[in-house]
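**Q** One structure follows; several queries about it will come next.
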Amino acid sequence: MVSLVDSARWAPIIGRLFIAFGSIERTTHECIRDWAGEIIHKHFANAPLSARIDFARDLAKAQDATYATQEAFVQSLLSAKKLAQNRNLVAHNPLCLVFFQDSLDRPFLEAVAHHTNDQKILSYEALVEIVERSERCAEELIHNFVAFRVEKLDVESLKTFPGLGGTPHA
């Protein structure tokens, strides 16, 4: 059978998208588990990503942290939520050859295309940009989540912690 699309070209970039979202998903789970507790996480773990993001935003705003730390994390979550729309398009729709009836310059395009909405198509070049933004978002989200823990560190007590170069306890 003849293939109309070059799926081998798309597979690595789609894989990177899902690796980035695996990290984003994990961070939302860790946030809920750490801040709401194991029991609530157990009952919320299977909620859609967008619902977990909304819950994580509310939890972040309730943390004892600076406004800057809270806001950085919330902004990362909002970016993740927006990027998730593209992840869902890739996850739930086929890679295909899209034909344009009104374009002589570019009569067809290899793209991920929504199965019912002709306006939702994602070219390879657009996907590369989305993947790069998703990877940055995943890194920022982890960084901003860790910032809550860093704020709580008592640096003075670490100076005397055995093995960290401080004065050992007697």
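Ordering of the structure tokens sets the chain letters (A, B, ...), residue numbers begin anew at 1 in every chain, and ligands are numbered from 1 in the order given.
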Enumerate the residues of stretch 45-161 of chain A with a DSSP assignment of helix (DSSP H, G or I), computed from the backbone, and present them as a ChimeraX atom specification.

**A** /A:49-61,67-92,124-152,155-158

**Q** Nearest to A:His92 among A:His115, A:Lys42, A:Ser79, A:Gly37, with distances taken over only C-alpha atoms: which residue is it?

**A**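 The closest residue to A:His92 is A:His115.
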
**Q** In Å, with one decimal, what is the gap from atom CA of A:Phe21 to atom CA of A:Ala138?

**A** 7.1 Å

**Q** Nearest to A:Trp35 among A:His143, A:Arg16, A:Arg87, A:Lys61, with distances taken over only C-alpha atoms: which residue is it?

**A**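 Going through A:His143, A:Arg16, A:Arg87, A:Lys61 one by one, the smallest distance to A:Trp35 is for A:Lys61.
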
**Q** What separation in Å, quoted to one decimal, exists between atom CA of A:Ile24 and atom CA of A:Ala47?

**A** 14.3 Å

**Q** Write out as a ChimeraX atom specification the residues lying within 9 Å of A:Phe18, counting only C-alpha atoms and excluding same-chain residues fewer than 5 positions away.

**A** /A:13,23,87,91,131

**Q** Which value, in Å to one decimal, gives the distance between atom CA of A:Glu110 and atom CA of A:Tyr124?

**A**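 That distance, rounded to one decimal, is 7.5 Å.
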
**Q** For A:Arg149, which residue among A:Asn88, A:Ser50, A:Asn93, A:Gln63 is the nearest when counting only C-alpha atoms?

**A**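 Closest residue, counting only C-alpha atoms: A:Gln63.
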
**Q** Which residues in chain A does DSSP call strand (DSSP E or B)? List them as a count of residues only.

**A** 14

**Q** From the set A:Leu141, A:Leu17, A:Ala8, A:Leu59, which residue has the shortest atom-to-atom contact distance to A:Ile32, counting only C-alpha atoms?

**A**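 Closest residue, counting only C-alpha atoms: A:Leu59.
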